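Data block below; observations after.
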4 protein chains.
Amino acid sequence: MPSGEMKAVMKMKPGEGAELKMLPIPAPGAQEVLVKVHVTSICGSDLHVYKWNKWAEQNVHPPQIMGHELAGEVVECGPGIQHLQVGDFISAETHLHCGFCKQCRTGNSHICKQMKILGVHTNGAFAEYVVIPEKVAWKNHPSIPHEYASVQEPLGNAIDTVLNEDVAGKMVAIIGAGPVGILAAGVAKVSGATDIFITDINDYRLDIARQMGATKILNPQKQDVVREVLDATDGDGVDVVLEMSGNETALIQGCQMLTRGGRLSLLGVFDGNVNIDLNNLIIFKGIRVYGVTGREMFSTWYKAANFLRSKTLDLAPAITHKFKLEEFEKGFELMKTGMCGKIILTVT
Amino acid sequence: MPSGEMKAVMKMKPGEGAELKMLPIPAPGAQEVLVKVHVTSICGSDLHVYKWNKWAEQNVHPPQIMGHELAGEVVECGPGIQHLQVGDFISAETHLHCGFCKQCRTGNSHICKQMKILGVHTNGAFAEYVVIPEKVAWKNHPSIPHEYASVQEPLGNAIDTVLNEDVAGKMVAIIGAGPVGILAAGVAKVSGATDIFITDINDYRLDIARQMGATKILNPQKQDVVREVLDATDGDGVDVVLEMSGNETALIQGCQMLTRGGRLSLLGVFDGNVNIDLNNLIIFKGIRVYGVTGREMFSTWYKAANFLRSKTLDLAPAITHKFKLEEFEKGFELMKTGMCGKIILTVT
Amino acid sequence: MPSGEMKAVMKMKPGEGAELKMLPIPAPGAQEVLVKVHVTSICGSDLHVYKWNKWAEQNVHPPQIMGHELAGEVVECGPGIQHLQVGDFISAETHLHCGFCKQCRTGNSHICKQMKILGVHTNGAFAEYVVIPEKVAWKNHPSIPHEYASVQEPLGNAIDTVLNEDVAGKMVAIIGAGPVGILAAGVAKVSGATDIFITDINDYRLDIARQMGATKILNPQKQDVVREVLDATDGDGVDVVLEMSGNETALIQGCQMLTRGGRLSLLGVFDGNVNIDLNNLIIFKGIRVYGVTGREMFSTWYKAANFLRSKTLDLAPAITHKFKLEEFEKGFELMKTGMCGKIILTVT
Amino acid sequence: MPSGEMKAVMKMKPGEGAELKMLPIPAPGAQEVLVKVHVTSICGSDLHVYKWNKWAEQNVHPPQIMGHELAGEVVECGPGIQHLQVGDFISAETHLHCGFCKQCRTGNSHICKQMKILGVHTNGAFAEYVVIPEKVAWKNHPSIPHEYASVQEPLGNAIDTVLNEDVAGKMVAIIGAGPVGILAAGVAKVSGATDIFITDINDYRLDIARQMGATKILNPQKQDVVREVLDATDGDGVDVVLEMSGNETALIQGCQMLTRGGRLSLLGVFDGNVNIDLNNLIIFKGIRVYGVTGREMFSTWYKAANFLRSKTLDLAPAITHKFKLEEFEKGFELMKTGMCGKIILTVT
């Protein structure tokens, strides 16, 4: 039962930045465990909190420990824990669902109406220790590297988006090569997509996407990306478009690449409203659209775990940088430049 | 083998209007039948051709016989007809698919890439006789009234939209009480939707929708329709929204009425681009969206035929007016006012 | 906080029968509520326990209070209850799931690997009071009659079986008119099935099925039921077969009634192995088969609640008898004869 | 326009065997093309015809040219051909559907009620030339090797069976390592199955399956195959079982390996009725079963073509032998021994 103090990266107040603090090690409550964090990784939403954008302002109440992607070890079990024990190697689903709303009771906990998010609405994982409710703890196979275990959470977003429907034997276009787009390229590849187009204006990230499995990288600042995709598909377009850019122009391009009867999955978050020709891009083409948020609990975790345990999916190209927890600012500054994939913060 | 002349409503030239003409009775070609039309009915797209809007300008090449919804009798079989014979009571799927494109070869003929539409790209059914390819002919059960048989085609749009996914035991909101919205209310009702909200600014049509099965009619000019639906659903919203208005404001209202994880089907055609908050209305709520066009061939016809033959679904309230073919102008003028449901033109 | 003794129907020992006993009113534990039972209803599995068949022998450990279908009122909340309060009118999902196995964590709690069943593995609802875990409590709409609220649980089995896939606009055959078969006829009817064939050798129950919505009742002791269905469907067979008899011969007949590409849902429990021509009945016809057990949690409850609250579905014909709890033996003896639908036991 | 005679392998009369004959080159009729066959491959059903089992007796009417798997070149187009031209490199879907029955009209042509099969009900492809209806011709990408193009047809069976539902991130067991089981191992591998168990008593074929992608091969004559799978899956069993053996004992083993809520696809053809415990293997576990026959037209072809064109799937290990058409008897004799994968017959 650890006691004393721990290092933690805290959002202390509104405005850009965060601070490294020494805080008391927390104690797990009922149905909670205390986890010693080995590695944590930085999500785009952490950067939003760091930079303090509008979304952060509306959702985060400083002072609060940041972060939610993690791999660690259970060091203490609170009362009522039934399925975990000290020593378990775990990660965590970071969407803390109520378990009782209509969504939770019908297999849709990831869109729970009373959702709280670890590190957004509660103290997070950029720390030496974090308290995790048993209901969202995920026990890892011992063979999975800590860094991959931490990245399972955003990998789950990629899995959910890629696999809203089957991609095996199909042609896929990914719009946006951010960290999740890069992971999606890998998921699509190992899930049988035969042609994986990916578009971005960032050539560094496009190159990572290629290493992960994209078969054709496209930069809209250099190419007519719609024309390239149509030419490569006999004018039919791809069967599946995965929108991961949050950019209106890129979304429209994605729709134009999509064959009639195709599937469009939307994960990217847009800056504001989108202006779109629903008639010609969605309705007359008979398109199915899926809004994706969080990741389906816990089907995506089972798939992620299987992909990693079996070494079907190799995340190495997607993880481009590692820093110590104390160096978190290096990580955030690097993320601002876009010259990175996933960034790991090692804790212990 | 009928010969001589026949009456037909023709679009003679660009611009508003149409004319009753005497034309030679056509002869069926290979894999085609000649049909003596008993009744035909007016679709919203016929009104577009009559009024000559932009869509009509781009798609219709006068002179051409208008119309596509019909019920009639096979009076002559062209060479190669295998599954029909003289005397058969038929209607027709009006989307003339190629049969060989990727969409056609994977069960999606209704979004064929080489699609032609009866009465839009070929001579249509506002006439005493019409030629129908065997591949789109639909043999009716003799017990189905001619008028209902003709209305099966738009009923198929309603069926496709309502039943993209199951509605049994679910709450549904229909946005727009045009003729297809009215039919959708009936389809939702007999398919087990327990609460059917419908919104429109036309009280006449709302009243027809109520007769067809809507359990709550809502006029956004008189009520806060979103509030009404949320209040009636414990704040959850409905499970399913069917967009049949083609109106941006109404679409947004529909999205606001929809529960997390719900389904949105889009059939209405918008006047132009739509400005929409995809983040909050679609993505964060995990919504599934279906673009619907035409009607799935021929699953929707089997369902329509079953509903009508078994008298599960009664179309009487939805059919508000009947005119003779020669009186087609009365029908179009009435449609302009919106004070009607489906309008039948009786031919023979 | 009620104290003292209560009446309860107990299985005291192996062998046929049960006894009315006075027992201490139980106290709710953590995350549990105490419910004052208003009505309870008898399930086929209660009869198995009463008669002490092989399944009962393997699963039930006397002495234990029997029963699991109920409607009642929360009279006391144990520690940690968050979503219920004293006075709530509730029923209960009777499958007590662990919440942590793979099935539970992927929306399939109804097939939890550590499943316990109320009244089978724990003390049940044939009593004045019963303890219910919050996680399986279901809050009823106040407008739903107590008797219907109790019958929601088996209604959920019917809903799950009927609605494994959509039935709207389709033809359905139900094999077996036991209580759940009768409920299934009602569910199929209100969910848009246009032709509902039901087979049984019990004319009394067939007649109830007709009242619930079956359009054609068939007795295999009097008719060639397969021929009747094929003749009524142009030789095609029905789109959907719901097996609710647990009888091998009847199952085979069901398969023979089913069109190519149709759906077969299996709910009935067989006496032993089944001897079946998988080639011709399942494989060459491209049939989809669903094993159904319990009911999907809690999607089936939401649908049942909607059907009942909206009065879309009327259970009156299916509830044929009411007895006082003390008269439970009358109920069991009547069930043995088959001359009943659902039997209600009124408690308070 | 080729004329003269051609070599063909004919079933001349009931009883074992076939003969090489010289026959007039056939002429294509309306909507048909004449194809010069480059390679053809032997299917298990060809062996049935050769050996003249009961199924062959009921379906084949000698004298008739055998064979249906092929790759070749269009050398003549009959009247009415619209989508093919001389020189096209094609294969053929071998299920000749009517196009007008309920199944054909709802995207299920592969289970057409008036189905005829190439080389079974009509003259087949074990010849220098064969006539193919345009509606089943499949145009190949020029980069696909002839041998792979011919094997696309059984590959389609494997694709249909493996991909009835998604396998990405899932664990799969294949029961039976015949030629289609071997292909299924490859399809499952490239479609993202992370653990692919395959069982057979033929070690030669198991080894091929391993080369195609199976991660664990199991011989029930040497191992407790159910125990092996359960042990390797934490006692849960696999998510998906693909039955390709047609053996009752093996089917039961497959069911025992399957997790609750899992999927079972049945492709193997059994010798007669099957005796199975539906309660414990299917119903109580909430299993979904798919009967698979032929292959979904043409979704499976699009997937096969994509897999091969993109070189995602390599068929080399599955194709173990090549003979000249004239040496067909060597092929059949080898198939009898089971010491082969797919056998190619080269024609020109």
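All residue names refer to the structure tokens as shown: chains lettered A, B, ... in order, residues numbered from 1 in each chain, ligands numbered from 1 in order.
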
Please identify which residues in segment 90-309 of chain A DSSP calls helix (DSSP H, G or I) from the backbone, and express them as a ChimeraX atom specification.
-> /A:104-106,109-111,134-136,146-162,179-190,203-212,225-232,248-257,278-283,299-309

Check: which chain D residues lie within 6 Å of chain C using only C-alpha atoms, as a ChimeraX atom specification = /D:269,273-277,279,282-284,286-293

Residues at most 9 Å from segment 15-24 of chain A, counting only C-alpha atoms, excluding those fewer than 2 positions away in the same chain, as a count of residues only?
-> 23
